[in-house]
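Here is structure-v5.cif, consisting of mmCIF, C-alpha atoms:
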```cif
data_data
loop_
_atom_site.label_atom_id
_atom_site.label_comp_id
_atom_site.auth_asym_id
_atom_site.auth_seq_id
_atom_site.Cartn_x
_atom_site.Cartn_y
_atom_site.Cartn_z
CA MET A 432 -36.84 76.15 -26.19
CA THR A 433 -33.94 78.57 -26.21
CA SER A 434 -33.57 82.35 -26.07
CA GLU A 435 -32.10 82.35 -29.58
CA THR A 436 -34.06 84.04 -32.35
CA ALA A 437 -33.90 84.24 -36.12
CA LYS A 438 -34.37 87.57 -37.87
CA LEU A 439 -36.54 87.75 -40.95
CA THR A 440 -36.71 90.78 -43.20
CA ILE A 441 -39.68 91.31 -45.54
CA GLY A 442 -39.52 94.64 -47.34
CA ASP A 443 -38.89 97.26 -44.68
CA GLN A 444 -40.25 95.05 -41.89
CA GLU A 445 -37.98 92.98 -39.66
CA ILE A 446 -39.28 90.45 -37.12
CA GLU A 447 -37.66 87.99 -34.75
CA LEU A 448 -38.78 84.37 -34.68
CA PRO A 449 -37.99 81.96 -31.82
CA VAL A 450 -35.50 79.17 -32.48
CA LEU A 451 -36.32 75.73 -31.07
CA LYS A 452 -33.81 72.95 -30.43
CA GLY A 453 -34.53 69.24 -30.31
CA ALA A 454 -33.01 66.62 -28.03
CA GLU A 455 -30.41 65.73 -30.67
CA GLY A 456 -29.51 69.31 -31.52
CA GLU A 457 -31.98 69.78 -34.39
CA ILE A 458 -32.79 73.43 -35.04
CA ALA A 459 -36.23 74.74 -36.03
CA ILE A 460 -37.55 78.24 -36.57
CA ASP A 461 -40.92 78.75 -34.91
CA ILE A 462 -43.05 80.50 -37.55
CA ARG A 463 -46.42 80.24 -35.80
CA ALA A 464 -46.65 84.02 -35.50
CA LEU A 465 -45.33 84.73 -39.01
CA ARG A 466 -48.65 85.26 -40.77
CA ALA A 467 -50.15 87.26 -37.91
CA GLN A 468 -47.16 89.62 -37.81
CA THR A 469 -46.40 89.95 -41.51
CA GLY A 470 -49.28 88.52 -43.53
CA ALA A 471 -46.78 86.16 -45.16
CA ILE A 472 -46.72 82.35 -45.18
CA THR A 473 -43.99 79.87 -46.04
CA PHE A 474 -43.93 77.90 -49.31
CA ASP A 475 -42.74 74.33 -48.80
CA PRO A 476 -44.12 71.75 -51.28
CA GLY A 477 -44.18 68.31 -49.70
CA TYR A 478 -43.47 69.88 -46.27
CA ALA A 479 -39.88 68.62 -46.56
CA ASN A 480 -38.59 71.53 -44.48
CA THR A 481 -41.55 71.85 -42.13
CA GLY A 482 -41.68 70.49 -38.60
CA SER A 483 -45.32 69.67 -37.91
CA CYS A 484 -44.91 68.64 -34.27
CA ARG A 485 -42.55 67.95 -31.39
CA SER A 486 -42.36 64.21 -30.76
CA THR A 487 -40.77 61.83 -28.24
CA ILE A 488 -41.16 58.69 -30.34
CA THR A 489 -38.62 58.33 -33.15
CA PHE A 490 -35.35 60.05 -34.04
CA LEU A 491 -33.63 59.64 -37.37
CA ASP A 492 -30.62 61.31 -38.91
CA GLY A 493 -30.55 60.73 -42.64
CA GLU A 494 -27.04 62.09 -43.09
CA LYS A 495 -25.52 59.71 -40.52
CA GLY A 496 -27.85 56.76 -41.11
CA ILE A 497 -29.24 56.74 -37.56
CA LEU A 498 -32.66 55.44 -36.49
CA ARG A 499 -33.74 55.19 -32.86
CA TYR A 500 -37.06 54.35 -31.21
CA CYS A 501 -37.43 56.34 -27.97
CA GLY A 502 -33.62 56.56 -27.78
CA TYR A 503 -32.92 52.89 -28.45
CA PRO A 504 -30.82 52.19 -31.61
CA ILE A 505 -32.69 50.15 -34.18
CA GLU A 506 -29.73 47.76 -34.37
CA GLN A 507 -30.13 46.80 -30.70
CA LEU A 508 -33.90 46.42 -30.92
CA ALA A 509 -33.62 44.30 -34.06
CA GLU A 510 -31.15 41.97 -32.34
CA LYS A 511 -32.64 41.71 -28.86
CA SER A 512 -36.30 42.74 -28.89
CA THR A 513 -39.60 41.48 -30.28
CA PHE A 514 -42.23 43.30 -32.28
CA LEU A 515 -44.75 43.40 -29.43
CA GLU A 516 -42.11 44.71 -27.04
CA VAL A 517 -41.22 47.42 -29.56
CA ALA A 518 -44.91 48.25 -29.92
CA TRP A 519 -45.15 48.73 -26.14
CA LEU A 520 -42.01 50.88 -26.24
CA LEU A 521 -43.41 53.19 -28.92
CA MET A 522 -46.70 53.65 -27.09
CA ASN A 523 -45.21 54.08 -23.61
CA ARG A 524 -41.72 55.49 -24.38
CA GLU A 525 -40.09 52.93 -22.05
CA LEU A 526 -39.32 49.23 -22.32
CA PRO A 527 -41.81 47.10 -20.37
CA SER A 528 -41.04 45.08 -17.26
CA ALA A 529 -41.42 41.30 -17.52
CA ASN A 530 -44.91 41.50 -15.98
CA GLN A 531 -45.97 44.39 -18.22
CA LEU A 532 -44.79 42.57 -21.34
CA GLU A 533 -46.57 39.36 -20.35
CA GLN A 534 -49.82 41.23 -19.71
CA TRP A 535 -49.47 43.16 -22.98
CA GLU A 536 -48.87 39.98 -24.98
CA ASN A 537 -51.85 38.30 -23.32
CA GLU A 538 -54.11 41.26 -24.09
CA ILE A 539 -53.10 41.16 -27.75
CA THR A 540 -53.49 37.38 -27.95
CA TYR A 541 -57.01 37.35 -26.53
CA HIS A 542 -58.31 40.16 -28.76
CA THR A 543 -57.28 38.70 -32.12
CA MET A 544 -60.71 37.39 -33.14
CA VAL A 545 -62.97 39.70 -35.11
CA HIS A 546 -66.75 39.94 -34.91
CA GLU A 547 -68.46 37.38 -37.14
CA ASP A 548 -70.52 40.15 -38.75
CA LEU A 549 -67.30 41.96 -39.68
CA LYS A 550 -66.13 38.85 -41.54
CA ARG A 551 -69.22 39.05 -43.75
CA LEU A 552 -68.05 42.37 -45.15
CA TYR A 553 -65.39 40.54 -47.16
CA ALA A 554 -68.08 38.82 -49.23
CA SER A 555 -69.21 42.21 -50.57
CA MET A 556 -65.76 42.96 -52.01
CA PRO A 557 -64.37 41.69 -55.34
CA LYS A 558 -61.82 38.91 -54.85
CA GLU A 559 -59.44 40.68 -57.24
CA GLY A 560 -59.56 43.88 -55.20
CA HIS A 561 -56.21 45.01 -53.80
CA PRO A 562 -55.83 43.83 -50.17
CA MET A 563 -54.74 47.32 -49.05
CA ALA A 564 -58.11 48.69 -50.16
CA VAL A 565 -59.83 45.82 -48.36
CA CYS A 566 -57.83 46.37 -45.16
CA ALA A 567 -58.48 50.12 -45.18
CA ALA A 568 -62.21 49.47 -45.53
CA ILE A 569 -62.36 46.82 -42.80
CA VAL A 570 -60.27 48.84 -40.33
CA GLY A 571 -62.51 51.85 -40.97
CA ALA A 572 -65.52 49.62 -40.35
CA LEU A 573 -64.24 48.83 -36.85
CA SER A 574 -65.61 52.25 -35.90
CA THR A 575 -69.12 50.87 -36.45
CA PHE A 576 -68.46 47.89 -34.18
CA TYR A 577 -66.83 49.95 -31.42
CA GLN A 578 -68.87 53.13 -31.50
CA ASP A 579 -67.82 54.08 -27.98
CA VAL A 580 -64.30 54.84 -29.24
CA LYS A 581 -64.09 58.59 -29.79
CA PHE A 582 -61.21 61.04 -29.95
CA ASP A 583 -62.07 62.42 -26.53
CA SER A 584 -62.75 59.03 -24.89
CA PRO A 585 -61.11 58.44 -21.50
CA GLU A 586 -57.51 57.26 -21.62
CA ILE A 587 -58.46 53.69 -20.68
CA GLU A 588 -60.83 53.54 -23.66
CA ARG A 589 -58.14 54.83 -26.03
CA ARG A 590 -55.78 52.17 -24.69
CA ILE A 591 -58.35 49.42 -25.26
CA ALA A 592 -58.81 50.68 -28.83
CA ALA A 593 -55.03 50.44 -29.33
CA VAL A 594 -55.04 46.84 -28.06
CA ARG A 595 -57.92 45.95 -30.36
CA LEU A 596 -56.15 47.40 -33.38
CA MET A 597 -52.84 45.69 -32.64
CA ALA A 598 -54.64 42.39 -32.15
CA LYS A 599 -57.18 42.45 -34.96
CA VAL A 600 -55.31 43.99 -37.91
CA PRO A 601 -53.20 40.80 -38.50
CA THR A 602 -56.46 38.83 -38.59
CA ILE A 603 -58.02 41.39 -40.94
CA ALA A 604 -54.93 41.27 -43.18
CA ALA A 605 -54.82 37.48 -43.35
CA TYR A 606 -58.53 37.34 -44.11
CA SER A 607 -58.06 39.76 -47.01
CA PHE A 608 -55.64 37.26 -48.53
CA LYS A 609 -57.85 34.24 -47.86
CA HIS A 610 -60.79 36.07 -49.44
CA SER A 611 -58.76 36.81 -52.58
CA ILE A 612 -57.95 33.12 -53.17
CA GLY A 613 -61.31 31.69 -52.09
CA GLN A 614 -60.02 29.79 -49.06
CA PRO A 615 -61.80 29.60 -45.69
CA PHE A 616 -60.74 32.02 -42.98
CA MET A 617 -58.54 30.50 -40.29
CA TYR A 618 -59.30 31.53 -36.73
CA PRO A 619 -56.34 32.95 -34.77
CA ARG A 620 -54.61 30.61 -32.34
CA ASN A 621 -53.85 31.71 -28.80
CA ASP A 622 -50.91 29.32 -28.48
CA LEU A 623 -48.88 31.10 -31.17
CA ASN A 624 -46.87 34.30 -30.95
CA TYR A 625 -47.73 37.37 -33.03
CA ALA A 626 -45.72 36.57 -36.16
CA SER A 627 -46.43 32.83 -36.06
CA ASN A 628 -50.15 33.44 -35.68
CA LEU A 629 -50.11 35.76 -38.70
CA LEU A 630 -48.33 33.15 -40.84
CA HIS A 631 -50.73 30.46 -39.65
CA MET A 632 -53.80 32.51 -40.58
CA MET A 633 -52.23 33.26 -43.96
CA PHE A 634 -51.17 29.77 -45.02
CA ALA A 635 -52.98 27.15 -42.94
CA THR A 636 -56.12 25.36 -44.15
CA PRO A 637 -58.63 23.18 -42.27
CA CYS A 638 -57.41 20.16 -44.25
CA GLU A 639 -54.11 19.56 -42.50
CA GLU A 640 -51.75 20.78 -39.81
CA TYR A 641 -49.52 23.74 -40.66
CA GLU A 642 -46.28 24.07 -38.74
CA VAL A 643 -44.73 27.53 -38.59
CA ASP A 644 -40.94 27.51 -38.95
CA PRO A 645 -39.60 29.55 -35.99
CA VAL A 646 -36.76 30.92 -38.14
CA ILE A 647 -39.28 32.23 -40.66
CA ALA A 648 -41.47 33.66 -37.89
CA ARG A 649 -38.45 35.46 -36.43
CA ALA A 650 -37.58 36.90 -39.84
CA LEU A 651 -41.12 38.26 -40.14
CA ASP A 652 -40.96 39.65 -36.59
CA LEU A 653 -37.74 41.43 -37.56
CA LEU A 654 -39.37 42.97 -40.64
CA LEU A 655 -42.21 44.27 -38.48
CA ILE A 656 -39.75 45.80 -35.98
CA LEU A 657 -37.85 47.64 -38.70
CA HIS A 658 -41.06 49.13 -40.10
CA ALA A 659 -42.64 50.03 -36.73
CA ASP A 660 -42.14 53.79 -37.01
CA HIS A 661 -40.21 56.23 -39.16
CA GLU A 662 -40.87 59.76 -37.92
CA GLN A 663 -43.28 62.03 -39.84
CA ASN A 664 -43.56 60.12 -43.11
CA CYS A 665 -46.55 60.39 -45.45
CA SER A 666 -48.79 57.80 -43.76
CA THR A 667 -47.87 58.83 -40.21
CA SER A 668 -48.53 62.47 -41.01
CA THR A 669 -51.85 61.36 -42.51
CA VAL A 670 -52.81 59.58 -39.28
CA ARG A 671 -51.96 62.71 -37.30
CA MET A 672 -53.74 65.02 -39.75
CA VAL A 673 -56.93 62.96 -39.75
CA GLY A 674 -56.70 62.70 -35.97
CA SER A 675 -56.40 66.48 -35.79
CA SER A 676 -60.06 66.71 -36.82
CA GLN A 677 -60.77 64.58 -33.72
CA ALA A 678 -61.48 61.48 -35.82
CA ASN A 679 -61.19 58.30 -33.79
CA LEU A 680 -58.24 55.89 -33.88
CA PHE A 681 -59.82 53.42 -36.31
CA ALA A 682 -60.71 56.11 -38.85
CA SER A 683 -57.27 57.71 -38.55
CA VAL A 684 -55.39 54.44 -39.06
CA SER A 685 -57.66 53.51 -41.98
CA ALA A 686 -56.54 56.75 -43.64
CA GLY A 687 -52.92 55.86 -42.85
CA ILE A 688 -53.33 52.52 -44.61
CA SER A 689 -54.59 54.29 -47.72
CA ALA A 690 -51.64 56.70 -47.64
CA LEU A 691 -49.18 53.81 -47.28
CA TRP A 692 -50.67 52.07 -50.30
CA GLY A 693 -49.05 54.49 -52.77
CA PRO A 694 -46.08 53.19 -54.78
CA LEU A 695 -43.90 56.09 -53.62
CA HIS A 696 -44.42 55.05 -50.00
CA GLY A 697 -45.33 51.55 -48.81
CA GLY A 698 -45.81 50.18 -52.30
CA ALA A 699 -42.11 50.51 -53.08
CA ASN A 700 -41.22 46.93 -52.09
CA GLN A 701 -43.92 45.66 -54.44
CA LYS A 702 -42.36 47.78 -57.18
CA VAL A 703 -39.03 46.06 -56.51
CA ILE A 704 -40.47 42.65 -57.37
CA GLU A 705 -42.26 44.07 -60.41
CA MET A 706 -38.92 45.52 -61.55
CA LEU A 707 -37.22 42.14 -61.17
CA ILE A 708 -40.02 40.49 -63.17
CA SER A 709 -39.62 43.10 -65.91
CA ILE A 710 -35.90 42.31 -66.14
CA GLN A 711 -36.64 38.61 -66.39
CA ASP A 712 -39.45 39.00 -68.94
CA GLY A 713 -37.49 41.56 -70.94
CA GLU A 714 -34.78 38.98 -71.56
CA ARG A 715 -31.99 41.34 -70.60
CA SER A 716 -29.31 40.93 -68.01
CA ALA A 717 -29.09 42.74 -64.70
CA LYS A 718 -26.01 44.54 -66.03
CA GLN A 719 -27.90 45.76 -69.09
CA PHE A 720 -30.74 46.99 -66.88
CA MET A 721 -28.36 48.91 -64.62
CA GLU A 722 -26.77 50.57 -67.64
CA LEU A 723 -30.22 51.68 -68.79
CA ALA A 724 -30.98 52.96 -65.29
CA LYS A 725 -28.06 55.39 -65.64
CA ASP A 726 -29.67 56.90 -68.75
CA LYS A 727 -32.31 59.46 -67.77
CA ASP A 728 -33.90 59.19 -71.22
CA SER A 729 -34.31 55.40 -71.14
CA GLY A 730 -37.49 55.42 -69.06
CA VAL A 731 -35.98 52.70 -66.85
CA ARG A 732 -36.27 53.38 -63.12
CA LEU A 733 -34.26 51.58 -60.47
CA MET A 734 -36.53 50.65 -57.54
CA GLY A 735 -35.34 49.80 -54.04
CA PHE A 736 -32.16 51.90 -54.14
CA GLY A 737 -31.58 55.22 -52.41
CA HIS A 738 -33.90 56.95 -49.94
CA ARG A 739 -35.48 60.38 -49.65
CA VAL A 740 -34.36 60.79 -46.04
CA TYR A 741 -31.22 58.66 -45.76
CA LYS A 742 -28.31 60.20 -47.63
CA ASN A 743 -26.09 57.40 -46.38
CA HIS A 744 -26.88 53.74 -45.76
CA ASP A 745 -30.40 52.98 -44.57
CA PRO A 746 -29.68 51.34 -41.17
CA ARG A 747 -32.67 49.05 -41.61
CA ALA A 748 -31.32 47.81 -44.93
CA ARG A 749 -28.03 46.76 -43.35
CA ILE A 750 -29.95 44.66 -40.82
CA LEU A 751 -32.23 43.15 -43.45
CA LYS A 752 -29.37 42.31 -45.79
CA GLN A 753 -28.08 39.72 -43.32
CA ALA A 754 -31.60 38.51 -42.54
CA CYS A 755 -32.24 38.15 -46.26
CA HIS A 756 -29.25 35.90 -46.74
CA ASP A 757 -30.17 33.88 -43.61
CA VAL A 758 -33.71 33.30 -44.85
CA LEU A 759 -32.60 32.31 -48.34
CA GLN A 760 -30.07 29.89 -46.87
CA ARG A 761 -32.64 28.45 -44.47
CA LEU A 762 -35.21 27.92 -47.22
CA GLY A 763 -32.70 26.75 -49.78
CA THR A 764 -34.66 28.87 -52.20
CA SER A 765 -33.69 28.93 -55.86
CA ASP A 766 -35.60 31.63 -57.69
CA PRO A 767 -34.47 33.50 -60.83
CA LEU A 768 -35.88 36.75 -59.41
CA LEU A 769 -33.81 36.41 -56.26
CA GLU A 770 -30.71 35.73 -58.32
CA ILE A 771 -31.38 38.88 -60.38
CA ALA A 772 -31.82 40.88 -57.17
CA GLN A 773 -28.50 39.69 -55.78
CA GLU A 774 -26.79 40.62 -59.04
CA LEU A 775 -28.33 44.13 -59.00
CA GLU A 776 -27.12 44.59 -55.44
CA SER A 777 -23.60 43.52 -56.36
CA ILE A 778 -23.46 45.91 -59.32
CA ALA A 779 -24.82 48.88 -57.34
CA LEU A 780 -22.28 48.43 -54.54
CA GLU A 781 -19.35 48.37 -56.98
CA ASP A 782 -20.36 50.77 -59.77
CA ASP A 783 -19.03 54.32 -59.24
CA TYR A 784 -22.22 55.83 -60.70
CA PHE A 785 -24.40 54.37 -57.94
CA VAL A 786 -21.80 54.69 -55.18
CA GLU A 787 -21.19 58.40 -55.86
CA ARG A 788 -24.94 59.07 -55.77
CA LYS A 789 -25.30 56.95 -52.62
CA LEU A 790 -27.85 54.74 -54.31
CA TYR A 791 -27.49 51.87 -51.87
CA PRO A 792 -30.13 49.14 -51.52
CA ASN A 793 -32.78 50.34 -49.08
CA VAL A 794 -35.21 48.57 -46.76
CA ASP A 795 -37.76 48.10 -49.56
CA PHE A 796 -35.24 46.21 -51.69
CA TYR A 797 -34.46 43.60 -49.07
CA SER A 798 -37.95 43.35 -47.59
CA GLY A 799 -39.40 42.63 -51.03
CA ILE A 800 -36.89 39.82 -51.54
CA ILE A 801 -37.61 38.31 -48.11
CA TYR A 802 -41.38 38.47 -48.59
CA LYS A 803 -40.97 36.79 -51.97
CA ALA A 804 -38.86 34.05 -50.40
CA LEU A 805 -41.44 33.52 -47.63
CA GLY A 806 -44.15 32.96 -50.21
CA ILE A 807 -45.99 36.21 -49.44
CA PRO A 808 -47.98 37.27 -52.54
CA THR A 809 -46.76 40.50 -54.11
CA ASP A 810 -50.06 42.29 -53.48
CA MET A 811 -49.66 41.54 -49.76
CA PHE A 812 -46.22 43.19 -49.40
CA THR A 813 -47.68 46.58 -48.56
CA VAL A 814 -50.17 45.00 -46.17
CA PHE A 815 -47.29 43.51 -44.20
CA PHE A 816 -45.63 46.95 -44.22
CA ALA A 817 -48.86 48.33 -42.72
CA LEU A 818 -48.80 45.64 -40.03
CA GLY A 819 -45.30 46.74 -39.08
CA ARG A 820 -46.15 50.44 -39.11
CA LEU A 821 -49.31 49.92 -37.03
CA PRO A 822 -47.77 50.54 -33.56
CA GLY A 823 -46.09 53.69 -34.84
CA TRP A 824 -49.39 55.03 -36.17
CA ILE A 825 -51.09 54.25 -32.87
CA ALA A 826 -48.29 55.83 -30.84
CA GLN A 827 -48.30 58.96 -33.00
CA TRP A 828 -52.10 59.31 -32.74
CA LEU A 829 -51.94 58.92 -28.96
CA GLU A 830 -49.09 61.42 -28.75
CA PHE A 831 -50.99 63.95 -30.85
CA HIS A 832 -53.98 63.50 -28.54
CA GLY A 833 -51.93 64.68 -25.58
CA ASP A 834 -50.03 67.44 -27.41
CA GLU A 835 -50.56 70.84 -25.82
CA ASP A 836 -49.90 72.49 -29.19
CA LYS A 837 -52.40 70.37 -31.13
CA LYS A 838 -54.85 72.01 -33.46
CA ILE A 839 -56.64 70.94 -36.61
CA CYS A 840 -54.20 70.73 -39.51
CA ARG A 841 -54.96 73.33 -42.13
CA PRO A 842 -52.12 74.20 -44.55
CA ARG A 843 -52.21 77.47 -46.48
CA GLN A 844 -51.70 77.97 -50.20
CA ILE A 845 -50.43 80.49 -52.69
CA TYR A 846 -53.24 81.18 -55.14
CA ILE A 847 -52.09 81.51 -58.78
CA GLY A 848 -55.47 81.33 -60.57
CA ALA A 849 -57.55 83.96 -62.33
CA ASN A 850 -58.13 87.36 -60.73
CA GLU A 851 -61.64 88.61 -59.98
CA ARG A 852 -63.93 88.57 -63.00
CA ASP A 853 -67.65 88.89 -63.66
CA TYR A 854 -69.94 85.98 -64.39
CA VAL A 855 -70.91 85.68 -68.09
CA PRO A 856 -74.43 84.39 -68.78
CA LEU A 857 -74.58 81.13 -70.70
CA GLU A 858 -76.10 82.68 -73.85
CA LYS A 859 -73.19 85.17 -74.11
CA ARG A 860 -70.34 82.68 -73.83
#
```
Could you take the file, read its structure, and then write that structure out as structure tokens?
Amino acid sequence: MTSETAKLTIGDQEIELPVLKGAEGEIAIDIRALRAQTGAITFDPGYANTGSCRSTITFLDGEKGILRYCGYPIEQLAEKSTFLEVAWLLMNRELPSANQLEQWENEITYHTMVHEDLKRLYASMPKEGHPMAVCAAIVGALSTFYQDVKFDSPEIERRIAAVRLMAKVPTIAAYSFKHSIGQPFMYPRNDLNYASNLLHMMFATPCEEYEVDPVIARALDLLLILHADHEQNCSTSTVRMVGSSQANLFASVSAGISALWGPLHGGANQKVIEMLISIQDGERSAKQFMELAKDKDSGVRLMGFGHRVYKNHDPRARILKQACHDVLQRLGTSDPLLEIAQELESIALEDDYFVERKLYPNVDFYSGIIYKALGIPTDMFTVFFALGRLPGWIAQWLEFHGDEDKKICRPRQIYIGANERDYVPLEKR
């Protein structure tokens, strides 16, 4: 906090509001006393200009294309770290020692099984149901299996809940896929790392051995790292908002999964693949599609390009672009959709229309292509996004729990409906 203030004039009243500064020089006007002093509120649809909290977890600068977890550049973490190490970092704000990381990995490994009664819940859900809806329901149901987990539980209990979530959500996600295709659930294996275990539960069957390609497992681990946290986005804000009512961790994360499901948020990478399919089925070239995308009246929308926050390159997309090419080369994959995607990318990077508007391929564009190459079903794309975002949600919920400024979230509104009027009896209407 600084001694600087901002002056606000409303009619003949002038007040001073404190100015806050963040660790990277961000400036915020503290309006907590605004309504009490003036009776006025701010109007900010989508909260795009509203700081809801002070956080020590993630910093991003959309103008410069910077993303850091607890001060560490995403480029360094993507190259040198693992997803579980990043998860520890987000929850503890420091990188673990060798002993801490080993203990953390062991805790996750030995909590991956889910209660047999929980597995029976899948049978009550339609096989064609979207896996995000299934995952949200099952994660919410964890509250009934671990009823001792409450918002005000001792710190050790909250930490155990975090371990359980990190360990069990991959199992829950894989089971949602197995349920949809009528295959038996595969138990987690303690001899596999986090990403390899997830792939094994997804694609193995009891009929034969399934060997996980370490290159593919590393590509998946990288995707999870890049999605681990992203400041106060829609789903993260949802987790914090639900937690503000003192809902427990499982209920809060279940709500976050539902928020992530939307096509404007986590569902964007699924929309990328659907766009590529539409180009293929529409029997038009990528060039023709991009020309239509320039026309606002065409109804054609370009998915996977540009970003609400990043006004420059998405730093995650630059990392995934190389990973995308590595995976495709490793798999030797030949897929018309992937060829269309590569052509769209080439056009967007060279066409002045897209360059001037900074419509570069974003993380959803490349992640969708990689998931498609790995054989992940389109409906599961957003589920994998949720798996990546899980440690960020947990870290944000834990941080909110210890925030001295925390209070239940309750936005205001500007009422524009009818003025006071008298009730008219039914026979007189």
Neighbour list for Arg620 of chain A as JSON, numbers by chain, cut-off 9 Å, only C-alpha atoms, skip fewer than 5 positions in-chain: {"A": [540, 543, 628, 631, 632]}
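Of the residues under consideration (A:Gln827, A:Thr489, A:Thr575, A:Gln753), A:Gln827 shows the shortest atom-to-atom contact distance to Gly674 of chain A when counting only C-alpha atoms.
If you count all atoms listed in the file and ignore residues fewer than 5 places along the chain from segment 723-726 of chain A, what sits within 9 Å of it is A:Lys718, A:Val731, A:Arg732, A:Leu733, A:Tyr784, A:Phe785.
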Selection dump of the PyMOL selection byres ((chain A and resi 696-713) around 6), as number ranges by chain: A: 691-695, 714-715, 734-735, 768, 795, 799, 809, 813
Deliver the residues from the most recent selection as a file, using C-alpha atoms, as an mmCIF file, keeping the file's coordinate frame.
```cif
data_model
loop_
_atom_site.group_PDB
_atom_site.id
_atom_site.type_symbol
_atom_site.label_atom_id
_atom_site.label_comp_id
_atom_site.auth_asym_id
_atom_site.auth_seq_id
_atom_site.Cartn_x
_atom_site.Cartn_y
_atom_site.Cartn_z
ATOM 1 C CA LEU A 691 -49.180 53.810 -47.280
ATOM 2 C CA TRP A 692 -50.670 52.070 -50.300
ATOM 3 C CA GLY A 693 -49.050 54.490 -52.770
ATOM 4 C CA PRO A 694 -46.080 53.190 -54.780
ATOM 5 C CA LEU A 695 -43.900 56.090 -53.620
ATOM 6 C CA GLU A 714 -34.780 38.980 -71.560
ATOM 7 C CA ARG A 715 -31.990 41.340 -70.600
ATOM 8 C CA MET A 734 -36.530 50.650 -57.540
ATOM 9 C CA GLY A 735 -35.340 49.800 -54.040
ATOM 10 C CA LEU A 768 -35.880 36.750 -59.410
ATOM 11 C CA ASP A 795 -37.760 48.100 -49.560
ATOM 12 C CA GLY A 799 -39.400 42.630 -51.030
ATOM 13 C CA THR A 809 -46.760 40.500 -54.110
ATOM 14 C CA THR A 813 -47.680 46.580 -48.560
#
```
Polymer residues at most 9 Å from segment 471-480 of chain A, only C-alpha atoms, same-chain spacing of 2 or more positions, as a ChimeraX atom specification: /A:441,462,465-469,482-483,843-845
Residues near Tyr618 of chain A, anyone? I mean within 12 Å using all atoms listed in the file, not counting same-chain ones fewer than 2 positions away, as a PDB file with C-alpha atoms, keeping the file's coordinate frame.
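After the write, part-v5.pdb holds the following:
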```pdb
ATOM      1  CA  TYR A 541     -57.010  37.350 -26.530  1.00  0.00           C
ATOM      2  CA  HIS A 542     -58.310  40.160 -28.760  1.00  0.00           C
ATOM      3  CA  THR A 543     -57.280  38.700 -32.120  1.00  0.00           C
ATOM      4  CA  MET A 544     -60.710  37.390 -33.140  1.00  0.00           C
ATOM      5  CA  VAL A 545     -62.970  39.700 -35.110  1.00  0.00           C
ATOM      6  CA  HIS A 546     -66.750  39.940 -34.910  1.00  0.00           C
ATOM      7  CA  GLU A 547     -68.460  37.380 -37.140  1.00  0.00           C
ATOM      8  CA  LYS A 550     -66.130  38.850 -41.540  1.00  0.00           C
ATOM      9  CA  LYS A 599     -57.180  42.450 -34.960  1.00  0.00           C
ATOM     10  CA  PRO A 601     -53.200  40.800 -38.500  1.00  0.00           C
ATOM     11  CA  THR A 602     -56.460  38.830 -38.590  1.00  0.00           C
ATOM     12  CA  ILE A 603     -58.020  41.390 -40.940  1.00  0.00           C
ATOM     13  CA  ALA A 605     -54.820  37.480 -43.350  1.00  0.00           C
ATOM     14  CA  TYR A 606     -58.530  37.340 -44.110  1.00  0.00           C
ATOM     15  CA  LYS A 609     -57.850  34.240 -47.860  1.00  0.00           C
ATOM     16  CA  PRO A 615     -61.800  29.600 -45.690  1.00  0.00           C
ATOM     17  CA  PHE A 616     -60.740  32.020 -42.980  1.00  0.00           C
ATOM     18  CA  ARG A 620     -54.610  30.610 -32.340  1.00  0.00           C
ATOM     19  CA  ASN A 621     -53.850  31.710 -28.800  1.00  0.00           C
ATOM     20  CA  ASP A 622     -50.910  29.320 -28.480  1.00  0.00           C
ATOM     21  CA  LEU A 623     -48.880  31.100 -31.170  1.00  0.00           C
ATOM     22  CA  ASN A 628     -50.150  33.440 -35.680  1.00  0.00           C
ATOM     23  CA  LEU A 629     -50.110  35.760 -38.700  1.00  0.00           C
ATOM     24  CA  LEU A 630     -48.330  33.150 -40.840  1.00  0.00           C
ATOM     25  CA  HIS A 631     -50.730  30.460 -39.650  1.00  0.00           C
ATOM     26  CA  MET A 632     -53.800  32.510 -40.580  1.00  0.00           C
ATOM     27  CA  MET A 633     -52.230  33.260 -43.960  1.00  0.00           C
ATOM     28  CA  PHE A 634     -51.170  29.770 -45.020  1.00  0.00           C
ATOM     29  CA  ALA A 635     -52.980  27.150 -42.940  1.00  0.00           C
ATOM     30  CA  THR A 636     -56.120  25.360 -44.150  1.00  0.00           C
ATOM     31  CA  PRO A 637     -58.630  23.180 -42.270  1.00  0.00           C
TER      32      PRO A 637
END
```
Residues returned when the PyMOL selection byres ((chain A and resi 769) around 10) runs on this file, as a PyMOL selection string: chain A and resi 704+707+759+764-768+770-775+799-801+803-804
Residues in the PyMOL selection byres ((chain A and resi 570) around 12), expressed as number ranges by chain: A: 545, 549-550, 552-553, 562-569, 571-577, 592, 595-604, 607, 679-689, 817-818, 821
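With distances taken over all atoms listed in the file, A:Thr481 is the one residue among A:Thr481, A:Gln578, A:Thr436, A:Asn850 lying closest to Gln663 of chain A.
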Test item: residues at most 10 Å from Glu455 of chain A, all atoms listed in the file, excluding those fewer than 5 positions along its chain, as a PyMOL selection string: chain A and resi 490-492
Limited to C-alpha atoms, could you put the picked residues into a file as a PDB file, in the frame of the given file?
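Saved the output as again_12.pdb:
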```
ATOM      1  CA  PHE A 490     -35.350  60.050 -34.040  1.00  0.00           C
ATOM      2  CA  LEU A 491     -33.630  59.640 -37.370  1.00  0.00           C
ATOM      3  CA  ASP A 492     -30.620  61.310 -38.910  1.00  0.00           C
TER       4      ASP A 492
END
```
Box for segment 784-802 of chain A: with edges along x, y and z, all listed atoms inside and 4 Å added on each side, what are the centre and edge lengths in Å to one decimal, as AutoDock Vina command-line options?
```
--center_x -31.3 --center_y 48.7 --center_z -53.7 --size_x 28.2 --size_y 28.8 --size_z 21.9
```
